[in-house]
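As stored in upload.cif (mmCIF, C-alpha atoms and all ligand atoms):
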```cif
data_query
loop_
_atom_site.label_atom_id
_atom_site.label_comp_id
_atom_site.auth_asym_id
_atom_site.auth_seq_id
_atom_site.Cartn_x
_atom_site.Cartn_y
_atom_site.Cartn_z
CA MET A 86 18.36 -12.66 -11.49
CA ASP A 87 16.01 -15.55 -12.22
CA LEU A 88 17.19 -17.29 -9.06
CA LEU A 89 16.52 -14.11 -7.05
CA LEU A 90 13.05 -13.85 -8.61
CA PHE A 91 12.42 -17.39 -7.35
CA PHE A 92 12.89 -16.06 -3.78
CA ALA A 93 11.15 -12.75 -4.48
CA LYS A 94 8.03 -14.73 -5.39
CA ARG A 95 7.29 -14.99 -1.71
CA PHE A 96 6.35 -11.28 -1.86
CA VAL A 97 5.62 -10.73 -5.57
CA ALA A 98 2.80 -12.52 -7.39
CA GLY A 99 4.77 -12.81 -10.65
CA LYS A 100 5.83 -10.82 -13.66
CA THR A 101 2.50 -10.58 -15.51
CA ALA A 102 -1.00 -9.20 -14.89
CA GLU A 103 -2.32 -12.75 -15.34
CA GLU A 104 -0.19 -13.95 -12.42
CA GLY A 105 -1.34 -10.99 -10.32
CA MET A 106 -5.00 -11.71 -11.12
CA LYS A 107 -4.53 -15.40 -10.34
CA ALA A 108 -3.21 -14.50 -6.87
CA VAL A 109 -6.19 -12.17 -6.36
CA LYS A 110 -8.66 -14.91 -7.30
CA ILE A 111 -7.17 -17.18 -4.65
CA LEU A 112 -7.40 -14.40 -2.05
CA ASN A 113 -10.98 -13.56 -3.07
CA SER A 114 -11.92 -17.22 -2.59
CA LYS A 115 -10.81 -16.78 1.05
CA ASN A 116 -12.99 -13.68 1.50
CA ILE A 117 -9.96 -11.39 1.16
CA MET A 118 -10.09 -8.31 -1.08
CA ALA A 119 -7.02 -7.12 -2.97
CA THR A 120 -5.27 -4.09 -4.35
CA LEU A 121 -3.13 -4.79 -7.40
CA ASP A 122 0.13 -2.93 -7.87
CA ILE A 123 2.13 -2.90 -11.10
CA LEU A 124 5.68 -2.72 -9.84
CA GLY A 125 7.71 0.24 -11.07
CA GLU A 126 9.12 3.46 -9.66
CA ASN A 127 11.47 6.38 -10.32
CA VAL A 128 10.68 6.58 -14.01
CA THR A 129 12.66 9.33 -15.79
CA ASP A 130 11.45 8.70 -19.33
CA LYS A 131 8.09 10.12 -20.51
CA LYS A 132 7.38 7.07 -22.67
CA MET A 133 7.85 4.75 -19.69
CA ALA A 134 5.42 6.81 -17.58
CA GLU A 135 2.86 6.78 -20.40
CA LYS A 136 3.33 3.02 -20.76
CA ALA A 137 2.70 2.53 -17.03
CA THR A 138 -0.46 4.68 -17.34
CA MET A 139 -1.76 2.50 -20.19
CA GLU A 140 -0.91 -0.65 -18.24
CA TYR A 141 -2.96 0.56 -15.27
CA ILE A 142 -5.90 1.42 -17.55
CA SER A 143 -5.72 -2.04 -19.09
CA LEU A 144 -5.49 -3.58 -15.61
CA LEU A 145 -8.70 -1.78 -14.56
CA GLU A 146 -10.40 -3.25 -17.65
CA LYS A 147 -9.18 -6.74 -16.79
CA ILE A 148 -10.34 -6.43 -13.16
CA HIS A 149 -13.75 -5.38 -14.45
CA GLU A 150 -13.97 -8.15 -17.07
CA GLU A 151 -12.89 -10.90 -14.68
CA LYS A 152 -15.13 -9.53 -11.90
CA ILE A 153 -12.43 -9.84 -9.26
CA ASN A 154 -12.55 -7.88 -6.02
CA SER A 155 -9.51 -5.64 -6.37
CA SER A 156 -8.66 -1.96 -6.38
CA ILE A 157 -5.32 -0.65 -7.68
CA SER A 158 -2.31 0.94 -5.98
CA LEU A 159 0.25 3.04 -7.82
CA LYS A 160 3.27 5.27 -7.30
CA LEU A 161 3.61 8.83 -8.61
CA THR A 162 7.27 8.29 -9.54
CA GLN A 163 5.99 5.55 -11.85
CA LEU A 164 3.68 8.06 -13.57
CA GLY A 165 6.44 10.62 -14.08
CA ILE A 166 6.46 13.01 -11.11
CA ASP A 167 10.25 13.26 -11.48
CA ILE A 168 9.72 14.50 -15.05
CA ASP A 169 6.96 17.05 -14.43
CA TYR A 170 4.18 17.50 -11.85
CA ASP A 171 1.44 18.32 -14.39
CA PHE A 172 2.46 15.51 -16.74
CA CYS A 173 2.20 13.07 -13.83
CA LYS A 174 -1.16 14.51 -12.78
CA GLU A 175 -2.53 14.09 -16.33
CA ASN A 176 -1.48 10.42 -16.27
CA LEU A 177 -3.02 9.91 -12.85
CA GLU A 178 -6.28 11.58 -13.90
CA LYS A 179 -6.58 9.26 -16.91
CA ILE A 180 -6.37 6.28 -14.54
CA VAL A 181 -8.76 7.76 -11.96
CA LYS A 182 -11.36 8.57 -14.66
CA LYS A 183 -11.22 4.96 -15.85
CA ALA A 184 -11.54 3.70 -12.28
CA ILE A 185 -14.64 5.87 -11.80
CA ILE A 186 -16.26 4.36 -14.92
CA TYR A 187 -15.81 0.90 -13.38
CA GLY A 188 -16.70 1.96 -9.82
CA ASN A 189 -13.17 1.10 -8.74
CA PHE A 190 -10.68 2.87 -6.46
CA VAL A 191 -7.11 4.17 -6.89
CA ARG A 192 -4.69 4.28 -3.95
CA ILE A 193 -1.63 6.49 -4.31
CA ASP A 194 1.21 4.77 -2.44
CA MET A 195 3.53 6.99 -0.42
CA GLU A 196 7.21 6.93 -1.36
CA GLY A 197 10.36 8.45 0.19
CA SER A 198 10.14 11.86 1.91
CA LYS A 199 11.45 13.66 -1.20
CA TYR A 200 7.96 13.04 -2.62
CA THR A 201 5.70 13.47 0.42
CA GLU A 202 4.71 17.10 -0.11
CA ARG A 203 4.08 16.71 -3.85
CA THR A 204 2.15 13.47 -3.35
CA ILE A 205 -0.12 15.00 -0.71
CA SER A 206 -0.65 18.14 -2.85
CA MET A 207 -1.61 16.12 -5.93
CA PHE A 208 -3.84 13.88 -3.86
CA LYS A 209 -5.66 16.90 -2.40
CA GLU A 210 -6.24 18.31 -5.90
CA LEU A 211 -7.67 15.00 -7.04
CA VAL A 212 -9.83 14.30 -4.02
CA LYS A 213 -11.48 17.71 -4.46
CA LYS A 214 -12.23 16.86 -8.10
CA TYR A 215 -12.99 13.12 -7.96
CA GLY A 216 -13.96 12.49 -4.32
CA ASN A 217 -13.39 9.12 -2.73
CA SER A 218 -12.41 7.22 -5.87
CA VAL A 219 -8.88 8.06 -4.87
CA GLY A 220 -7.07 7.50 -1.57
CA ALA A 221 -3.78 8.48 0.09
CA VAL A 222 -1.18 6.78 2.29
CA ILE A 223 0.26 8.22 5.49
CA GLN A 224 3.47 6.93 7.07
CA ALA A 225 3.46 6.90 10.89
CA TYR A 226 7.26 7.27 11.09
CA LEU A 227 7.17 10.85 9.74
CA PHE A 228 6.87 13.72 12.25
CA ARG A 229 4.62 15.62 9.80
CA SER A 230 2.01 12.85 9.60
CA GLU A 231 -0.27 14.04 12.41
CA LYS A 232 -0.78 17.36 10.62
CA ASP A 233 -1.41 15.52 7.33
CA VAL A 234 -3.91 13.19 8.98
CA ASN A 235 -5.80 16.17 10.46
CA GLU A 236 -5.99 17.84 7.06
CA LEU A 237 -7.06 14.69 5.26
CA ILE A 238 -9.78 14.05 7.84
CA LYS A 239 -11.13 17.56 7.12
CA LEU A 240 -11.30 16.62 3.42
CA ASN A 241 -13.15 13.39 4.32
CA ALA A 242 -10.37 11.63 2.39
CA ARG A 243 -9.66 7.91 2.49
CA VAL A 244 -6.34 7.14 4.17
CA ARG A 245 -4.21 4.02 4.40
CA LEU A 246 -2.02 4.18 7.49
CA CYS A 247 1.31 2.34 7.39
CA LYS A 248 4.51 2.57 9.43
CA GLY A 249 6.71 3.57 6.47
CA ALA A 250 9.20 1.58 4.42
CA TYR A 251 11.91 4.04 3.33
CA LYS A 252 15.16 5.08 4.96
CA GLU A 253 14.53 8.53 6.44
CA PRO A 254 16.81 10.84 8.48
CA PRO A 255 16.20 11.41 12.24
CA THR A 256 15.47 15.09 11.53
CA ILE A 257 12.10 14.20 9.98
CA ALA A 258 11.25 10.69 11.16
CA TYR A 259 11.03 8.56 14.32
CA LYS A 260 13.81 5.98 14.26
CA LYS A 261 12.91 3.80 17.26
CA LYS A 262 10.29 1.11 16.62
CA SER A 263 8.55 1.98 19.90
CA ASP A 264 8.16 5.63 18.81
CA VAL A 265 6.85 4.66 15.37
CA ASP A 266 4.37 2.24 16.97
CA LYS A 267 3.21 4.90 19.45
CA ASN A 268 2.58 7.40 16.67
CA TYR A 269 0.87 4.71 14.57
CA ILE A 270 -1.59 4.01 17.38
CA LYS A 271 -2.26 7.71 17.92
CA LEU A 272 -2.98 8.31 14.22
CA MET A 273 -4.95 5.08 13.91
CA GLU A 274 -7.28 6.05 16.77
CA LYS A 275 -7.82 9.47 15.18
CA LEU A 276 -8.63 7.88 11.82
CA LEU A 277 -10.93 5.27 13.34
CA LEU A 278 -12.86 7.97 15.22
CA HIS A 279 -12.98 10.69 12.57
CA GLY A 280 -11.69 9.27 9.26
CA ASN A 281 -13.46 7.92 6.21
CA TYR A 282 -13.11 4.14 6.00
CA PRO A 283 -9.42 4.08 7.04
CA ALA A 284 -7.16 1.21 6.02
CA ILE A 285 -5.08 -0.11 8.91
CA ALA A 286 -2.06 -1.44 6.99
CA THR A 287 0.17 -3.48 9.27
CA HIS A 288 1.13 -7.06 10.16
CA ASP A 289 1.79 -6.04 13.76
CA GLU A 290 -0.58 -8.19 15.81
CA LYS A 291 -0.35 -5.91 18.87
CA ILE A 292 -1.55 -2.97 16.80
CA ILE A 293 -4.23 -5.07 15.07
CA ASN A 294 -5.56 -6.19 18.46
CA HIS A 295 -5.47 -2.61 19.71
CA ALA A 296 -7.51 -1.51 16.65
CA LYS A 297 -10.12 -4.23 17.28
CA GLU A 298 -10.46 -3.32 20.94
CA PHE A 299 -10.55 0.43 20.26
CA ALA A 300 -13.26 -0.04 17.63
CA ARG A 301 -15.30 -2.23 20.00
CA ASN A 302 -14.99 0.22 22.92
CA ASN A 303 -15.98 3.17 20.74
CA LYS A 304 -18.81 1.36 18.96
CA ILE A 305 -17.12 1.72 15.57
CA GLY A 306 -18.69 -0.89 13.30
CA LYS A 307 -16.55 -3.46 11.46
CA GLU A 308 -17.81 -2.03 8.15
CA LYS A 309 -16.22 1.36 8.97
CA PHE A 310 -12.58 0.33 8.35
CA GLU A 311 -10.42 -2.38 6.84
CA PHE A 312 -7.16 -4.13 7.64
CA GLN A 313 -4.54 -4.34 4.93
CA MET A 314 -1.49 -6.58 4.62
CA LEU A 315 1.13 -7.37 2.00
CA TYR A 316 1.09 -10.41 -0.27
CA GLY A 317 3.12 -13.22 1.30
CA ILE A 318 3.39 -11.71 4.79
CA ARG A 319 1.51 -13.48 7.59
CA PRO A 320 -0.98 -15.23 5.27
CA LYS A 321 -2.51 -17.25 8.13
CA LEU A 322 -3.25 -14.04 10.05
CA GLN A 323 -4.79 -12.56 6.88
CA GLU A 324 -7.16 -15.53 6.58
CA LYS A 325 -8.06 -15.56 10.27
CA LEU A 326 -8.79 -11.85 10.31
CA ALA A 327 -10.89 -12.09 7.14
CA ASN A 328 -13.37 -14.35 8.96
CA GLU A 329 -14.39 -11.37 11.06
CA TYR A 330 -13.20 -8.13 9.43
CA ASN A 331 -12.72 -6.49 6.04
CA VAL A 332 -9.23 -7.48 4.89
CA ARG A 333 -7.41 -6.38 1.75
CA VAL A 334 -4.07 -7.69 0.54
CA TYR A 335 -1.64 -5.65 -1.54
CA VAL A 336 -0.65 -7.82 -4.52
CA PRO A 337 2.37 -6.53 -6.48
CA PHE A 338 3.39 -7.93 -9.83
CA GLY A 339 5.56 -6.89 -12.75
CA LYS A 340 9.02 -6.95 -14.22
CA ASN A 341 10.41 -4.23 -11.96
CA TRP A 342 10.17 -6.22 -8.75
CA PHE A 343 13.70 -5.63 -7.44
CA PRO A 344 13.32 -2.39 -5.34
CA TYR A 345 10.08 -3.67 -3.78
CA TYR A 346 11.75 -6.97 -2.88
CA MET A 347 14.71 -5.12 -1.34
CA ARG A 348 12.34 -3.11 0.89
CA ARG A 349 10.72 -6.32 2.12
CA LEU A 350 14.13 -7.88 2.80
CA ARG A 351 15.35 -4.81 4.68
CA GLU A 352 12.32 -4.84 6.98
CA ARG A 353 13.37 -8.09 8.60
CA LYS A 354 16.86 -9.45 9.04
CA GLU A 355 15.45 -13.01 9.09
CA ASN A 356 14.48 -12.50 5.42
CA VAL A 357 18.07 -11.67 4.51
CA PHE A 358 19.41 -14.71 6.46
CA PHE A 359 16.84 -16.94 4.77
CA LEU A 360 17.86 -15.69 1.32
CA LEU A 361 21.60 -16.00 1.96
CA LYS A 362 21.28 -19.46 3.51
CA ASN A 363 19.33 -20.73 0.52
CA LEU A 364 21.52 -19.06 -2.08
CA PHE A 365 24.60 -20.73 -0.56
CA ARG A 366 22.85 -24.07 -0.34
CA ARG A 367 22.32 -24.10 -4.11
C1 LIG A 401 -1.15 -2.88 2.51
C2 LIG A 401 0.14 -2.17 2.77
C3 LIG A 401 0.50 -1.09 2.01
C4 LIG A 401 1.66 -0.39 2.26
N1 LIG A 401 1.95 0.75 1.54
C5 LIG A 401 3.04 1.47 1.87
C6 LIG A 401 3.30 2.74 1.26
O1 LIG A 401 2.54 3.21 0.43
N2 LIG A 401 4.42 3.40 1.64
C7 LIG A 401 5.29 2.92 2.58
O2 LIG A 401 6.27 3.59 2.92
N3 LIG A 401 5.07 1.72 3.15
C8 LIG A 401 3.98 0.99 2.83
N4 LIG A 401 3.76 -0.22 3.45
C9 LIG A 401 4.86 -0.86 4.22
C10 LIG A 401 4.86 -0.44 5.67
O3 LIG A 401 5.21 0.91 5.77
C11 LIG A 401 5.85 -1.29 6.49
O4 LIG A 401 7.13 -1.14 5.96
C12 LIG A 401 5.52 -2.79 6.52
O5 LIG A 401 4.14 -2.99 6.54
C13 LIG A 401 6.11 -3.46 7.78
O6 LIG A 401 5.60 -2.87 8.92
P1 LIG A 401 4.49 -3.52 9.89
O7 LIG A 401 3.44 -2.51 10.08
O8 LIG A 401 4.02 -4.80 9.36
O9 LIG A 401 5.20 -3.65 11.28
P2 LIG A 401 6.55 -4.34 11.77
O10 LIG A 401 6.70 -3.95 13.18
O11 LIG A 401 7.65 -4.00 10.83
O12 LIG A 401 6.25 -5.88 11.62
C14 LIG A 401 5.30 -6.56 12.39
C15 LIG A 401 5.40 -8.04 12.07
O13 LIG A 401 4.99 -8.26 10.71
C16 LIG A 401 5.82 -9.23 10.08
N5 LIG A 401 6.59 -8.58 9.01
C17 LIG A 401 6.68 -7.26 8.76
N6 LIG A 401 7.43 -7.03 7.65
C18 LIG A 401 7.84 -8.23 7.22
C19 LIG A 401 8.64 -8.65 6.13
N7 LIG A 401 9.16 -7.80 5.26
N8 LIG A 401 8.84 -9.99 5.97
C20 LIG A 401 8.29 -10.89 6.81
N9 LIG A 401 7.52 -10.53 7.88
C21 LIG A 401 7.29 -9.23 8.08
C22 LIG A 401 6.71 -9.77 11.17
O14 LIG A 401 6.06 -10.87 11.75
C23 LIG A 401 6.81 -8.62 12.15
O15 LIG A 401 7.12 -9.02 13.44
C24 LIG A 401 2.55 -0.87 3.26
C25 LIG A 401 2.19 -1.96 4.05
C26 LIG A 401 1.00 -2.59 3.84
C27 LIG A 401 0.62 -3.72 4.73
#
```
Hey, can you dump this file as structure tokens for me?
Amino acid sequence: MDLLLFFAKRFVAGKTAEEGMKAVKILNSKNIMATLDILGENVTDKKMAEKATMEYISLLEKIHEEKINSSISLKLTQLGIDIDYDFCKENLEKIVKKAIIYGNFVRIDMEGSKYTERTISMFKELVKKYGNSVGAVIQAYLFRSEKDVNELIKLNARVRLCKGAYKEPPTIAYKKKSDVDKNYIKLMEKLLLHGNYPAIATHDEKIINHAKEFARNNKIGKEKFEFQMLYGIRPKLQEKLANEYNVRVYVPFGKNWFPYYMRRLRERKENVFFLLKNLFRR
């Protein structure tokens, strides 16, 4: 496992909060903002969910103390949504209240489609109560996303738009890359025109260039949106973009790095070849 972690470190900042913060400091020095994620998901034990809640609260304190430019991202299955909706909401509210004290921001990542409805429902409850200290994620590969985007725009909610990283059936999701990209662009334009500081989360240069041009043509200022990318993916593009636009990098860390690493491997067959080639070389 240690050998695998060696390779996973391309995408994961390390096992500890200190390693995560160190990565953020380097990004901040390049004019790049961050969002820190404590890796963990699908928790079925109440104690584990409470532990994750405390870890996020402590992380918010550390971010504040060290004066780094970073929000936080979390998953509802990490806070116990599989155990009980209200228990998970209580945990989330504890974190959001702490974030508000420090003027920080909590992004609720979007997981597999089994959780979409519950995640959007909980987000809507929280946004009505706590306003824009909390943000949602929409996945362009889901057929339902246009309706969700329309509703979130009405709530003036902050949305991160991504393509989607989970394996979904063709009954609910676009399967062809060209269809996902087309829907991404459609939702992105809607969010740029009518959304509240949308986060354009992609490493797809064609889509990034489209966003820049669309914003220019529609006189949407650079301060009205941000680009987001993942730690370790296209770092040169991150730096280049940060010279001109708001850029935030998602920095995951923690002991439970395996599922996240598998999603990154699955996204690109070159990553799997690279791993296998190097494992056999050793
Ligand atoms: C900030 C951020 C937050 C996200 N949050 C969520 C979330 O909450 N829920 C969710 O389902 N998904 C999330 N994702 C993941 C997202 O859904 C995609 O799976 C991922 O971003 C790859 O899609 P892409 O938009 O980069 O486009 P793609 O068309 O997949 O890739 C475009 C280019 O980016 C590079 N690239 C993409 N992925 C990799 C990789 N793994 N390794 C190396 N190079 C790569 C390649 O150069 C590729 O040609 C997030 C992504 C980002 C950037």
Proximity of chain A to ligand LIG 401 (chain A): per-residue shortest pair, 9 Å limit, only C-alpha atoms and all ligand atoms, as a tab-separated table:
```
residue	atom	partner	partner_atom	distance
A:Phe96	CA	A:LIG401	N8	8.3
A:Thr120	CA	A:LIG401	C1	8.1
A:Ser158	CA	A:LIG401	O1	8.4
A:Leu159	CA	A:LIG401	O1	8.6
A:Lys160	CA	A:LIG401	O1	8.0
A:Arg192	CA	A:LIG401	O1	8.5
A:Ile193	CA	A:LIG401	O1	7.1
A:Asp194	CA	A:LIG401	O1	3.5
A:Met195	CA	A:LIG401	O1	4.0
A:Glu196	CA	A:LIG401	N2	5.4
A:Gly197	CA	A:LIG401	O2	6.9
A:Ala221	CA	A:LIG401	O1	8.2
A:Val222	CA	A:LIG401	O1	5.5
A:Ile223	CA	A:LIG401	N2	7.4
A:Gln224	CA	A:LIG401	O2	6.0
A:Ala225	CA	A:LIG401	O3	8.1
A:Tyr226	CA	A:LIG401	O3	8.5
A:Arg245	CA	A:LIG401	C3	7.3
A:Leu246	CA	A:LIG401	C4	7.9
A:Cys247	CA	A:LIG401	O3	4.5
A:Lys248	CA	A:LIG401	O3	4.1
A:Gly249	CA	A:LIG401	O3	3.1
A:Ala250	CA	A:LIG401	O4	3.7
A:Tyr251	CA	A:LIG401	O2	5.7
A:Lys262	CA	A:LIG401	O10	7.1
A:Val265	CA	A:LIG401	O10	8.9
A:Asp266	CA	A:LIG401	O10	7.6
A:Tyr269	CA	A:LIG401	O7	8.9
A:Ala284	CA	A:LIG401	C1	8.1
A:Ile285	CA	A:LIG401	C27	7.9
A:Ala286	CA	A:LIG401	C27	4.2
A:Thr287	CA	A:LIG401	O7	3.5
A:His288	CA	A:LIG401	O8	3.8
A:Asp289	CA	A:LIG401	C14	3.8
A:Glu290	CA	A:LIG401	C14	7.0
A:Lys291	CA	A:LIG401	C14	8.6
A:Ile292	CA	A:LIG401	O7	8.4
A:Phe312	CA	A:LIG401	C1	8.0
A:Gln313	CA	A:LIG401	C1	4.4
A:Met314	CA	A:LIG401	C27	3.6
A:Leu315	CA	A:LIG401	C27	4.6
A:Tyr316	CA	A:LIG401	C1	8.3
A:Gly317	CA	A:LIG401	C20	7.9
A:Ile318	CA	A:LIG401	N9	5.3
A:Arg319	CA	A:LIG401	C16	6.5
A:Arg333	CA	A:LIG401	C1	7.2
A:Val334	CA	A:LIG401	C1	6.0
A:Tyr335	CA	A:LIG401	C1	4.9
A:Val336	CA	A:LIG401	C1	8.6
A:Tyr346	CA	A:LIG401	N7	8.6
A:Arg348	CA	A:LIG401	N7	7.2
A:Arg349	CA	A:LIG401	N7	3.8
A:Leu350	CA	A:LIG401	N7	5.5
A:Arg351	CA	A:LIG401	N7	6.9
A:Glu352	CA	A:LIG401	N7	4.7
A:Arg353	CA	A:LIG401	C19	5.4
A:Lys354	CA	A:LIG401	N8	8.6
A:Glu355	CA	A:LIG401	C20	7.8
A:Asn356	CA	A:LIG401	N8	6.2
```
key: Residue list as a ChimeraX atom specification for point (-11.0, -12.0, -11.4), cut-off 10 Å, all atoms listed in the file   = /A:103,105-111,113,147-155
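Between Glu253 of chain A and the residues A:His295, A:Lys321, A:Lys179, A:Lys199, the shortest atom-to-atom distance, using only C-alpha atoms, involves A:Lys199.
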ask   = Using only C-alpha atoms, which of A:Leu227, A:Ile257, A:Leu164, A:Lys307 sits nearest Ala327 of chain A?
value = A:Lys307
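In this model, the gap between atom CA of Val219 of chain A and atom CA of Val181 of chain A comes to 7.1 Å.
Residues with any atom within 12 Å of Arg229 of chain A, counting only C-alpha atoms and excluding same-chain neighbours fewer than 5 positions away, are Ser198, Thr201, Glu202, Ile205, Ile223, Gln224, Val234, Asn235, Glu236, Thr256, Ile257, Ala258, Tyr259, Asn268 and Leu272 of chain A.
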note = Students should find that atom CA of Ser143 of chain A and atom CA of Lys174 of chain A are spaced 18.3 Å
task = Would you mind reading off the distance between atom CA of Gly99 of chain A and atom CA of Gly339 of chain A, one decimal, in Å?
result = 6.3 Å
message = Give me, as an NGL selection string, all polymer residues having an atom no more than 10 Å from segment 123-139 of chain A, counting all atoms listed in the file and skipping those fewer than 6 positions away in the same chain.
response = :A and (97 or 100-102 or 105 or 145 or 157-169 or 172-173 or 175-180 or 196 or 336-345)
Expected file contents, prior selection, C-alpha atoms, as a tab-separated table (two decimals), in the coordinates of the input:
```tsv
chain	number	residue	atom	x	y	z
A	97	VAL	CA	5.62	-10.73	-5.57
A	100	LYS	CA	5.83	-10.82	-13.66
A	101	THR	CA	2.50	-10.58	-15.51
A	102	ALA	CA	-1.00	-9.20	-14.89
A	105	GLY	CA	-1.34	-10.99	-10.32
A	145	LEU	CA	-8.70	-1.78	-14.56
A	157	ILE	CA	-5.32	-0.65	-7.68
A	158	SER	CA	-2.31	0.94	-5.98
A	159	LEU	CA	0.25	3.04	-7.82
A	160	LYS	CA	3.27	5.27	-7.30
A	161	LEU	CA	3.61	8.83	-8.61
A	162	THR	CA	7.27	8.29	-9.54
A	163	GLN	CA	5.99	5.55	-11.85
A	164	LEU	CA	3.68	8.06	-13.57
A	165	GLY	CA	6.44	10.62	-14.08
A	166	ILE	CA	6.46	13.01	-11.11
A	167	ASP	CA	10.25	13.26	-11.48
A	168	ILE	CA	9.72	14.50	-15.05
A	169	ASP	CA	6.96	17.05	-14.43
A	172	PHE	CA	2.46	15.51	-16.74
A	173	CYS	CA	2.20	13.07	-13.83
A	175	GLU	CA	-2.53	14.09	-16.33
A	176	ASN	CA	-1.48	10.42	-16.27
A	177	LEU	CA	-3.02	9.91	-12.85
A	178	GLU	CA	-6.28	11.58	-13.90
A	179	LYS	CA	-6.58	9.26	-16.91
A	180	ILE	CA	-6.37	6.28	-14.54
A	196	GLU	CA	7.21	6.93	-1.36
A	336	VAL	CA	-0.65	-7.82	-4.52
A	337	PRO	CA	2.37	-6.53	-6.48
A	338	PHE	CA	3.39	-7.93	-9.83
A	339	GLY	CA	5.56	-6.89	-12.75
A	340	LYS	CA	9.02	-6.95	-14.22
A	341	ASN	CA	10.41	-4.23	-11.96
A	342	TRP	CA	10.17	-6.22	-8.75
A	343	PHE	CA	13.70	-5.63	-7.44
A	344	PRO	CA	13.32	-2.39	-5.34
A	345	TYR	CA	10.08	-3.67	-3.78
```
Selection: 8 Å around Ile238 of chain A, all atoms listed in the file, excl. self and same-chain fewer than 2 positions, as a PDB file with C-alpha atoms, in the frame of the given file:
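part26.pdb written:
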```pdb
ATOM      1  CA  VAL A 234      -3.910  13.190   8.980  1.00  0.00           C
ATOM      2  CA  ASN A 235      -5.800  16.170  10.460  1.00  0.00           C
ATOM      3  CA  GLU A 236      -5.990  17.840   7.060  1.00  0.00           C
ATOM      4  CA  LEU A 240     -11.300  16.620   3.420  1.00  0.00           C
ATOM      5  CA  ASN A 241     -13.150  13.390   4.320  1.00  0.00           C
ATOM      6  CA  ALA A 242     -10.370  11.630   2.390  1.00  0.00           C
ATOM      7  CA  LEU A 276      -8.630   7.880  11.820  1.00  0.00           C
ATOM      8  CA  HIS A 279     -12.980  10.690  12.570  1.00  0.00           C
ATOM      9  CA  GLY A 280     -11.690   9.270   9.260  1.00  0.00           C
ATOM     10  CA  ASN A 281     -13.460   7.920   6.210  1.00  0.00           C
TER      11      ASN A 281
END
```
inquiry  = Please determine, counting only C-alpha atoms, which residue among A:Ala98, A:Leu322, A:Leu211, A:Ala93 has the shortest atom-to-atom distance to Phe359 of chain A.
reply    = A:Ala93
